[in-house]
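Below is final.txt, which holds compact mmCIF, C-alpha atoms.
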```
# COMPACT_ATOMS: atom_id res chain seq x y z
CA MET S 1 0.00 0.00 0.00
CA THR S 2 1.55 3.29 -1.09
CA VAL S 3 0.39 6.55 0.39
CA THR S 4 0.43 9.95 -1.29
CA ALA S 5 1.54 13.30 0.07
CA GLU S 6 -2.10 14.43 0.20
CA GLU S 7 -2.93 11.48 2.47
CA VAL S 8 0.06 11.98 4.76
CA TYR S 9 0.69 15.70 5.34
CA ARG S 10 -1.31 18.68 6.52
CA PRO S 11 -0.43 22.37 6.78
CA VAL S 12 0.22 23.74 10.25
CA ASP S 13 -0.27 27.34 11.25
CA ALA S 14 2.16 28.89 13.71
CA SER S 15 -0.75 29.52 16.06
CA ASP S 16 -1.91 25.87 16.05
CA GLU S 17 -1.40 23.77 19.17
CA LEU S 18 1.60 21.47 19.10
CA ALA S 19 0.49 17.99 18.12
CA SER S 20 1.56 14.46 17.44
CA GLY S 21 2.92 14.26 13.90
CA ASP S 22 4.36 17.78 13.81
CA ILE S 23 7.55 17.96 11.73
CA ALA S 24 10.13 20.59 12.71
CA PHE S 25 13.76 21.56 12.13
CA LEU S 26 15.53 20.68 15.38
CA SER S 27 18.81 20.11 17.15
CA LEU S 28 18.84 16.50 18.31
CA THR S 29 21.20 15.27 20.99
CA ARG S 30 22.79 11.90 21.66
CA SER S 31 25.00 11.33 24.68
CA ARG S 32 27.69 8.66 24.55
CA LEU S 33 31.14 7.62 25.70
CA VAL S 34 34.01 9.28 23.86
CA GLY S 35 35.26 6.93 21.18
CA GLU S 36 32.11 4.88 20.84
CA ALA S 37 31.71 4.22 17.13
CA PRO S 38 29.27 2.39 14.89
CA PRO S 39 30.14 -1.16 13.85
CA GLY S 40 32.23 -1.53 10.74
CA ASP S 41 33.82 0.80 8.23
CA ALA S 42 30.62 1.19 6.23
CA TYR S 43 29.28 3.78 8.65
CA ASP S 44 30.22 7.33 9.44
CA PRO S 45 33.21 7.21 11.85
CA ILE S 46 31.58 9.50 14.37
CA GLY S 47 28.13 8.02 14.16
CA ARG S 48 26.28 11.09 12.97
CA ILE S 49 23.07 10.95 11.04
CA PRO S 50 24.30 11.20 7.44
CA ALA S 51 21.86 13.83 6.32
CA TYR S 52 23.51 16.60 8.26
CA PRO S 53 27.04 17.45 7.12
CA ARG S 54 28.25 19.41 10.12
CA PRO S 55 27.49 17.85 13.51
CA ALA S 56 28.45 19.46 16.77
CA LEU S 57 30.11 17.71 19.65
CA LEU S 58 30.03 18.87 23.25
CA PRO S 59 32.61 17.27 25.56
CA LEU S 60 31.49 16.26 29.04
CA THR S 61 33.55 15.12 31.99
CA HIS S 62 34.56 11.51 32.67
CA GLY S 63 34.88 10.51 29.03
CA ARG S 64 31.36 11.41 27.99
CA GLU S 65 30.20 13.62 25.15
CA VAL S 66 27.02 14.87 23.54
CA ALA S 67 26.68 14.61 19.77
CA ILE S 68 24.26 16.99 18.11
CA ASP S 69 22.63 16.48 14.72
CA THR S 70 20.49 19.23 13.28
CA MET S 71 17.68 17.57 11.37
CA PHE S 72 14.02 17.59 10.62
CA ALA S 73 12.25 15.36 13.11
CA LEU S 74 8.75 14.05 13.77
CA VAL S 75 6.94 14.52 17.10
CA VAL S 76 5.65 11.14 18.25
CA ASN S 77 4.07 11.97 21.62
CA HIS S 78 0.32 11.58 21.61
CA SER S 79 -1.37 14.98 21.37
CA CYS S 80 -3.12 14.33 24.68
CA GLU S 81 0.25 13.84 26.34
CA ILE S 82 1.51 17.09 24.84
CA ASP S 83 -1.56 18.91 26.17
CA ARG S 84 -1.53 17.29 29.58
CA GLN S 85 0.45 19.92 31.48
CA LYS S 86 -1.74 22.62 30.08
CA ASN S 87 -4.85 20.68 31.03
CA LEU S 88 -3.48 20.40 34.54
CA GLY S 89 -3.34 24.17 34.80
CA ALA S 90 0.10 25.04 33.44
CA SER S 91 0.33 27.88 30.94
CA SER S 92 0.52 26.94 27.27
CA ASP S 93 4.13 28.16 27.07
CA HIS S 94 5.31 26.21 30.11
CA PHE S 95 8.79 24.82 30.03
CA ASP S 96 8.78 21.22 28.91
CA CYS S 97 11.63 19.39 27.22
CA ARG S 98 9.76 16.13 26.88
CA LEU S 99 8.49 16.18 23.36
CA THR S 100 9.77 12.92 21.94
CA VAL S 101 10.88 13.20 18.33
CA ALA S 102 12.20 10.80 15.69
CA PRO S 103 14.81 12.06 13.20
CA ILE S 104 13.76 12.06 9.58
CA VAL S 105 16.10 10.23 7.22
CA PRO S 106 15.86 11.43 3.59
CA GLU S 107 16.51 9.02 0.74
CA PRO S 108 19.11 11.19 -1.09
CA SER S 109 21.36 11.20 1.98
CA VAL S 110 21.60 7.51 2.70
CA LEU S 111 22.57 4.16 1.31
CA LEU S 112 20.65 1.76 3.49
CA VAL S 113 22.74 -1.20 4.53
CA GLY S 114 21.75 -4.34 6.39
CA ALA S 115 23.35 -5.93 9.42
CA ALA S 116 25.85 -7.76 7.21
CA GLY S 117 26.95 -4.49 5.63
CA GLY S 118 25.47 -4.98 2.17
CA GLU S 119 23.05 -2.63 0.51
CA GLN S 120 19.51 -3.95 0.50
CA ALA S 121 17.64 -3.48 -2.74
CA VAL S 122 14.24 -4.07 -1.16
CA ASN S 123 14.66 -1.42 1.52
CA TRP S 124 12.61 1.42 0.16
CA THR S 125 9.84 -0.81 -1.14
CA ALA S 126 9.46 -2.25 2.34
CA ILE S 127 9.75 1.13 4.04
CA GLU S 128 7.12 2.56 1.71
CA ALA S 129 4.76 -0.19 2.90
CA ASN S 130 5.66 0.51 6.55
CA GLN S 131 6.92 -3.05 6.81
CA PRO S 132 9.87 -2.41 9.20
CA VAL S 133 8.84 -1.84 12.80
CA ALA S 134 11.32 1.00 13.31
CA SER S 135 10.30 3.38 10.53
CA LEU S 136 7.36 5.50 9.44
CA TYR S 137 7.32 6.21 5.73
CA LEU S 138 7.05 9.83 4.59
CA PRO S 139 6.34 10.26 0.86
CA LEU S 140 7.73 12.74 -1.63
CA ILE S 141 6.21 16.21 -1.79
CA VAL S 142 6.61 17.82 -5.20
CA ASP S 143 6.22 21.35 -3.84
CA VAL S 144 6.59 21.88 -0.09
CA SER S 145 4.94 25.30 -0.27
CA ALA S 146 1.63 23.49 -0.87
CA VAL S 147 1.67 22.28 2.75
CA ALA S 148 3.99 24.94 4.20
CA PRO S 149 2.85 28.31 2.86
CA GLY S 150 5.65 30.88 2.72
CA VAL S 151 8.38 28.30 2.30
CA ASP S 152 10.11 28.18 -1.10
CA PRO S 153 8.54 25.84 -3.69
CA LEU S 154 11.01 23.01 -3.10
CA PRO S 155 10.60 19.28 -3.41
CA TRP S 156 10.73 17.17 -0.24
CA PRO S 157 12.28 13.75 -0.92
CA ARG S 158 10.76 10.52 0.22
CA SER S 159 12.07 9.73 3.64
CA PHE S 160 11.26 7.95 6.87
CA ALA S 161 11.06 8.84 10.53
CA ASP S 162 13.53 6.57 12.31
CA LEU S 163 12.11 5.36 15.62
CA ARG S 164 15.54 4.02 16.64
CA GLY S 165 16.74 7.61 17.05
CA LEU S 166 14.06 8.89 19.42
CA THR S 167 15.17 11.77 21.62
CA THR S 168 13.49 14.64 23.41
CA VAL S 169 13.33 18.36 22.72
CA SER S 170 11.45 21.30 24.15
CA ARG S 171 8.03 22.61 23.14
CA GLY S 172 9.58 25.95 22.24
CA MET S 173 12.01 24.41 19.77
CA VAL S 174 9.26 22.56 17.93
CA ALA S 175 7.06 25.66 17.88
CA ALA S 176 9.85 27.86 16.49
CA ASP S 177 10.68 25.77 13.41
CA ARG S 178 7.58 23.71 12.67
CA LEU S 179 7.22 22.96 8.95
CA PHE S 180 4.02 20.93 8.65
CA GLY S 181 2.28 18.00 10.32
CA LEU S 182 0.86 14.57 9.64
CA ALA S 183 -2.73 14.34 8.44
CA PRO S 184 -5.16 12.81 10.96
CA GLY S 185 -5.63 9.77 8.75
CA TYR S 186 -1.92 8.94 8.90
CA LEU S 187 -1.53 9.40 12.65
CA GLY S 188 -3.08 5.94 13.06
CA MET S 189 -0.17 4.51 11.10
CA LEU S 190 2.28 6.37 13.36
CA GLN S 191 0.55 4.86 16.39
CA ARG S 192 0.60 1.39 14.84
CA GLN S 193 4.32 1.69 14.15
CA LEU S 194 5.02 2.95 17.67
CA ALA S 195 3.09 0.02 19.15
CA ARG S 196 4.99 -2.43 16.94
CA PHE S 197 8.35 -0.83 17.65
CA PHE S 198 8.01 -1.03 21.41
CA THR S 199 6.29 -4.42 21.63
CA TRP S 200 7.32 -6.48 18.66
CA ARG S 201 9.48 -8.80 20.70
CA ASP S 202 6.27 -10.20 22.05
CA ILE S 203 5.87 -8.51 25.38
CA ALA S 204 2.91 -10.78 26.17
CA ARG S 205 5.28 -13.71 26.74
CA HIS S 206 7.82 -11.78 28.74
CA GLU S 207 6.87 -13.34 32.08
CA LEU S 208 7.02 -16.86 30.64
CA VAL S 209 10.46 -16.24 29.21
CA GLU S 210 11.68 -14.66 32.44
CA ALA S 211 10.48 -17.74 34.36
CA LEU S 212 12.85 -19.86 32.31
CA VAL S 213 15.94 -17.86 33.27
CA GLY S 214 18.31 -20.14 35.22
CA ARG S 215 16.49 -23.31 34.12
CA ARG S 216 17.99 -25.95 31.88
CA VAL S 217 16.15 -26.63 28.65
CA VAL S 218 15.63 -30.39 28.44
CA ASP S 219 13.58 -30.60 25.28
CA ALA S 220 13.08 -28.52 22.14
CA ILE S 221 10.37 -29.53 19.69
CA PRO S 222 10.11 -27.75 16.32
CA LEU S 223 6.43 -26.98 15.68
CA ASN S 224 6.01 -25.22 12.35
CA ALA S 225 7.89 -22.91 10.04
CA LYS S 226 6.54 -19.84 8.30
CA GLY S 227 8.86 -17.99 5.95
CA ASP S 228 12.14 -17.52 7.77
CA ARG S 229 10.50 -18.10 11.16
CA LEU S 230 10.42 -21.35 13.11
CA ARG S 231 8.25 -21.98 16.16
CA VAL S 232 9.86 -24.16 18.79
CA ALA S 233 8.39 -25.53 22.03
CA LEU S 234 10.96 -25.46 24.84
CA THR S 235 10.59 -27.53 28.01
CA ALA S 236 12.60 -26.70 31.11
CA ASP S 237 13.92 -29.08 33.77
CA ASP S 238 11.11 -28.09 36.13
CA GLY S 239 8.47 -29.13 33.58
CA SER S 240 7.51 -25.59 32.57
CA SER S 241 7.40 -24.77 28.87
CA VAL S 242 7.21 -21.88 26.48
CA THR S 243 6.86 -21.61 22.75
CA VAL S 244 9.28 -19.24 21.06
CA GLU S 245 9.63 -18.08 17.50
CA MET S 246 13.10 -18.13 16.00
CA ARG S 247 14.10 -16.30 12.88
CA GLY S 248 16.64 -17.67 10.40
CA ARG S 249 19.47 -15.49 9.08
CA MET Z 250 30.65 14.92 2.81
CA THR Z 251 32.87 17.89 3.71
CA ARG Z 252 34.58 19.89 0.99
CA LEU Z 253 37.95 18.62 2.19
CA ALA Z 254 36.76 15.00 1.95
CA ALA Z 255 35.45 15.66 -1.56
CA ILE Z 256 38.80 17.14 -2.66
CA LEU Z 257 40.72 14.23 -1.14
CA LYS Z 258 38.48 11.81 -2.99
CA GLU Z 259 38.82 13.74 -6.25
CA GLN Z 260 42.62 13.90 -5.97
CA LYS Z 261 42.80 10.30 -4.68
CA LEU Z 262 44.89 11.32 -1.67
CA THR Z 263 45.07 9.75 1.76
CA TYR Z 264 44.95 11.61 5.07
CA THR Z 265 48.56 10.62 5.68
CA ALA Z 266 49.78 11.94 2.34
CA VAL Z 267 48.11 15.32 2.83
CA ALA Z 268 49.25 15.51 6.44
CA SER Z 269 52.81 14.86 5.38
CA ARG Z 270 52.71 17.59 2.76
CA ALA Z 271 51.06 20.04 5.16
CA ARG Z 272 53.26 19.07 8.12
CA LEU Z 273 50.24 18.14 10.23
CA GLN Z 274 49.15 15.07 12.15
CA PRO Z 275 47.14 12.61 9.97
CA ARG Z 276 44.53 12.61 12.77
CA THR Z 277 43.99 16.34 12.30
CA VAL Z 278 43.34 15.91 8.59
CA ARG Z 279 41.03 12.96 9.22
CA GLN Z 280 38.99 14.87 11.78
CA LEU Z 281 38.65 17.85 9.46
CA ALA Z 282 37.70 15.64 6.51
CA SER Z 283 35.08 13.72 8.47
CA GLY Z 284 33.57 16.90 9.90
CA GLU Z 285 34.40 15.78 13.42
CA THR Z 286 36.36 19.01 13.74
CA SER Z 287 35.05 22.06 11.92
CA MET Z 288 37.35 24.20 9.78
CA ASP Z 289 36.06 27.05 11.94
CA ASN Z 290 37.76 25.49 14.95
CA VAL Z 291 41.33 25.29 13.65
CA SER Z 292 43.85 28.06 13.00
CA VAL Z 293 43.95 29.94 9.72
CA GLY Z 294 47.49 28.63 9.31
CA THR Z 295 46.31 25.03 9.42
CA VAL Z 296 43.68 25.68 6.76
CA ARG Z 297 46.24 27.45 4.58
CA ARG Z 298 48.74 24.61 4.88
CA ILE Z 299 46.15 22.04 3.85
CA ALA Z 300 45.04 24.26 0.96
CA GLU Z 301 48.63 24.60 -0.23
CA ALA Z 302 49.17 20.85 0.07
CA LEU Z 303 46.15 20.29 -2.13
CA SER Z 304 46.88 23.20 -4.50
CA VAL Z 305 43.44 24.69 -3.98
CA PRO Z 306 42.35 28.13 -2.72
CA THR Z 307 41.76 28.34 1.03
CA ALA Z 308 38.12 29.24 0.39
CA ALA Z 309 37.61 25.88 -1.32
CA LEU Z 310 37.98 24.17 2.06
CA LEU Z 311 35.46 26.29 3.94
CA GLU Z 312 31.97 24.88 4.35
CA PRO Z 313 28.99 27.03 3.40
CA GLU Z 314 27.08 28.64 6.25
CA LEU Z 315 24.31 26.26 7.26
CA PRO Z 316 20.89 27.14 8.57
CA HIS Z 317 20.42 26.76 12.28
CA PRO Z 318 17.11 26.21 14.06
CA GLY Z 319 15.85 29.35 15.74
CA ASP Z 320 18.30 31.66 13.92
CA PRO Z 321 16.76 35.10 14.58
CA THR Z 322 18.66 36.78 11.73
CA ILE Z 323 16.44 35.22 9.07
CA SER Z 324 12.71 34.61 8.86
CA ARG Z 325 11.22 31.27 9.83
CA GLU Z 326 10.23 30.62 6.21
CA ALA Z 327 13.74 31.40 4.92
CA ARG Z 328 15.25 29.24 7.65
CA LEU Z 329 13.06 26.27 6.81
CA SER Z 330 13.63 26.69 3.06
CA ALA Z 331 17.40 26.69 3.59
CA ALA Z 332 17.11 23.69 5.90
CA ILE Z 333 15.19 21.66 3.32
CA ARG Z 334 17.86 22.41 0.70
CA GLU Z 335 20.72 21.59 3.02
CA VAL Z 336 19.44 18.74 5.15
CA MET Z 337 17.00 16.89 2.93
CA TRP Z 338 19.07 17.03 -0.25
CA SER Z 339 22.69 16.35 0.66
CA ASN Z 340 25.58 16.14 -1.79
CA GLY Z 341 26.26 12.46 -1.49
CA PRO Z 342 24.70 9.47 0.22
CA ALA Z 343 26.35 7.83 3.20
CA ALA Z 344 25.84 4.37 4.67
CA TYR Z 345 23.01 4.18 7.17
CA ALA Z 346 21.67 1.18 9.08
CA SER Z 347 18.50 -0.01 7.41
CA PRO Z 348 15.39 -0.28 9.57
CA LEU Z 349 14.49 -3.41 7.60
CA GLU Z 350 15.49 -6.52 9.55
CA ALA Z 351 13.72 -9.26 7.61
CA ALA Z 352 13.00 -9.44 3.92
CA ALA Z 353 9.61 -11.06 4.44
CA PRO Z 354 6.91 -8.92 6.05
CA ASP Z 355 5.44 -10.12 9.34
CA ASP Z 356 1.72 -10.66 9.79
CA ILE Z 357 1.17 -7.24 11.32
CA ALA Z 358 2.78 -5.29 8.51
CA SER Z 359 -0.26 -5.67 6.28
CA LEU Z 360 -2.80 -4.62 8.92
CA THR Z 361 -4.36 -1.19 8.75
CA PRO Z 362 -4.25 0.80 11.99
CA ASP Z 363 -7.99 0.12 12.50
CA GLU Z 364 -7.41 -3.61 12.16
CA PHE Z 365 -4.33 -3.47 14.36
CA PHE Z 366 -6.10 -1.70 17.22
CA ALA Z 367 -9.50 -3.38 16.69
CA ASP Z 368 -9.38 -5.65 19.74
CA MET Z 369 -7.77 -3.15 22.05
CA PRO Z 370 -9.98 -1.99 24.92
CA PRO Z 371 -10.36 1.76 25.37
CA ILE Z 372 -7.29 3.21 27.02
CA ASP Z 373 -7.87 5.21 30.17
CA ASP Z 374 -10.52 7.69 29.05
CA ARG Z 375 -9.57 10.09 31.83
CA HIS Z 376 -6.37 10.89 29.98
CA GLY Z 377 -8.13 11.96 26.81
```
Write the structure described by the file as C-alpha cells, please.
Amino acid sequence: MTVTAEEVYRPVDASDELASGDIAFLSLTRSRLVGEAPPGDAYDPIGRIPAYPRPALLPLTHGREVAIDTMFALVVNHSCEIDRQKNLGASSDHFDCRLTVAPIVPEPSVLLVGAAGGEQAVNWTAIEANQPVASLYLPLIVDVSAVAPGVDPLPWPRSFADLRGLTTVSRGMVAADRLFGLAPGYLGMLQRQLARFFTWRDIARHELVEALVGRRVVDAIPLNAKGDRLRVALTADDGSSVTVEMRGR
Amino acid sequence: MTRLAAILKEQKLTYTAVASRARLQPRTVRQLASGETSMDNVSVGTVRRIAEALSVPTAALLEPELPHPGDPTISREARLSAAIREVMWSNGPAAYASPLEAAAPDDIASLTPDEFFADMPPIDDRHG
C-alpha cells in the first residue's frame, strides 16, 4: 500500500497547538562515551546521522560527550500527552523538554545497509509499505509550499522517521521551526508503528520467558515454520514450557 | 561529505599523504575531513597549509554557512527553506543502518491501523 503526500501531510499554522505528527527543524542530541563508534567501516566514523554534514560535539567530563545532529524530526508523543500539562493548569508556554521526536532520514542522503553491511535493494519498497517496525514512511512532496505556505517551492524527498533515534526536545524548539504536520488519517499509522516498535518482541510472553531464566532446557520440539520463522516448544527441567519463535538469518 | 573530503576523494589522496605535505598530524586531517572538527575550529594557518598541500584556494575548504534552528537573523520561512535544501538534499549518500530486519513482512505489517487496534480496549478515558 503506497500513500500519497495528500494522504500523509497537513499544513500547520504557527498559532496551532503542538500535536503528534508535527515535523520541525531541530537540534537532536545523543549522549555517549568518547570513542564509541558504529560497527564496521561502512558507517560514518563519528556516528552522525548522514543527512547533516556538520554535527556538533560537546565534551562532558569523565569521558562522555554529547553529539548533536540538526535535522528535521517528527513529534511522536500523543497529542493528549503534549496537552496534559496545560490541562493540569500550566500555561501553554510552560517549560517542557519532553516532546519525543524521531529524526527524519531522507533518501538522497543515505545508502541503506543491512546488518551484514550490504546494501539492501528491497529497503525502500518495504519502508514505503511501513513493513519495518522502526520506521514511518514519509512520501515525496513535489512542492513543499503546498503544505507549508511561505516556504520556497522546493521538493521534499521521500524519507522515513527513524524510531531508533528517538530523543526529546522542548516545546519551544518545535514551535519555532515547525514545517508541517501529519494528516489525521496517517496518525493511526504512526501509532501502529510505535506500538509495533516497542512491543514487537512479544511482550505478552515476557513473564514466561523470564520464568525460564536459570532453568535448563531439556527438550526442544520444532512446531512449524513460516517464511524464515520457526516456532519451537521449549521444556525446562522443572516441567515448565514456552513456545518461542526463531528467525533464520 | 565535507569539501575537504570531496577534494581528497577527487585527488585520490590519503589523510597521511596530505598531512605529510602540510606538516600536520594525519589525525587532524582525518577529523577535518570527516567533519568531526570544523574548519572554523582550527587556526587559519592550518587551513592554509592544507590548501597549499592540495593546490586549492583556502576558500575551497570552507563549508557554506548552514541554517540553524531558531536563527533570529532570518525569517522562519527562509530558515526552513534553507534547511530543506541543506538537510534533505545532501551532496552524497552515506551508509546508514536499514530499519528493515527481515525481507519477508510479518503478519502485522499488512494490517491497517484500524485492524491493528481493533481488539484493544479503550485506554484510560480520563487521559483523553
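Between atom CA of Z:Ala358 and atom CA of S:Thr100 the separation is 23.7 Å.
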Inset, instruction - For each of S:Pro108, S:Pro11, S:Gly165, S:Pro132, take the minimum atom-to-atom distance to Z:Ala343, counting all atoms listed in the file, then give the residue where this is smallest. - result: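 Going through S:Pro108, S:Pro11, S:Gly165, S:Pro132 one by one, the smallest distance to Z:Ala343 is for S:Pro108.
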Inset, instruction - Grab the atom CA of Z:Pro362 to atom CA of S:Leu99 distance for me, in Å with one decimal place. - result: 23.0 Å
Inset, instruction - Extract, using all atoms listed in the file, all DNA, RNA and protein residues at most 12 Å from Z:Ala271, discarding same-chain residues fewer than 6 positions from it, and format them as a list in words. - result: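 Selected residues are Tyr264, Thr265, Thr277, Val278, Gly294, Thr295, Val296, Arg297, Arg298, Ile299, Ala300, Glu301, Ala302, Leu303 and Ser304 of chain Z.
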Inset, instruction - Select, from Z:Ala308, Z:Ile323, Z:Met369, Z:Ala353, the residue with the minimum atom-to-atom distance to chain S, counting only C-alpha atoms. - result: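 With only C-alpha atoms as the atom set, the closest residue is Z:Ala353.
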Inset, instruction - Return the neighbours of chain S among the residues of chain Z, cut-off 9 Å, counting all atoms listed in the file, as a ChimeraX atom specification. - result: /Z:250-251,283-287,312,315,317-319,325-355,357-359,361-363,365-366,376-377
Inset, instruction - Kindly give the distance, in Å, that separates atom CA of Z:Leu310 and atom CA of Z:Ala282, rounded to a single decimal. - result: 9.6 Å
Inset, instruction - Point out the residue among Z:Leu311, Z:Ala268, Z:Ala254, Z:Leu360 with the least atom-to-atom distance to Z:Val291, counting all atoms listed in the file. - result: Z:Leu311
Which centre and edge lengths in Å to one decimal define the box along x, y and z that fits every listed atom of stretch 210-217 of chain S plus 6 Å per side, as JSON?
```
{"center_x": 14.4, "center_y": -20.6, "center_z": 31.9, "size_x": 19.8, "size_y": 24.0, "size_z": 18.6}
```
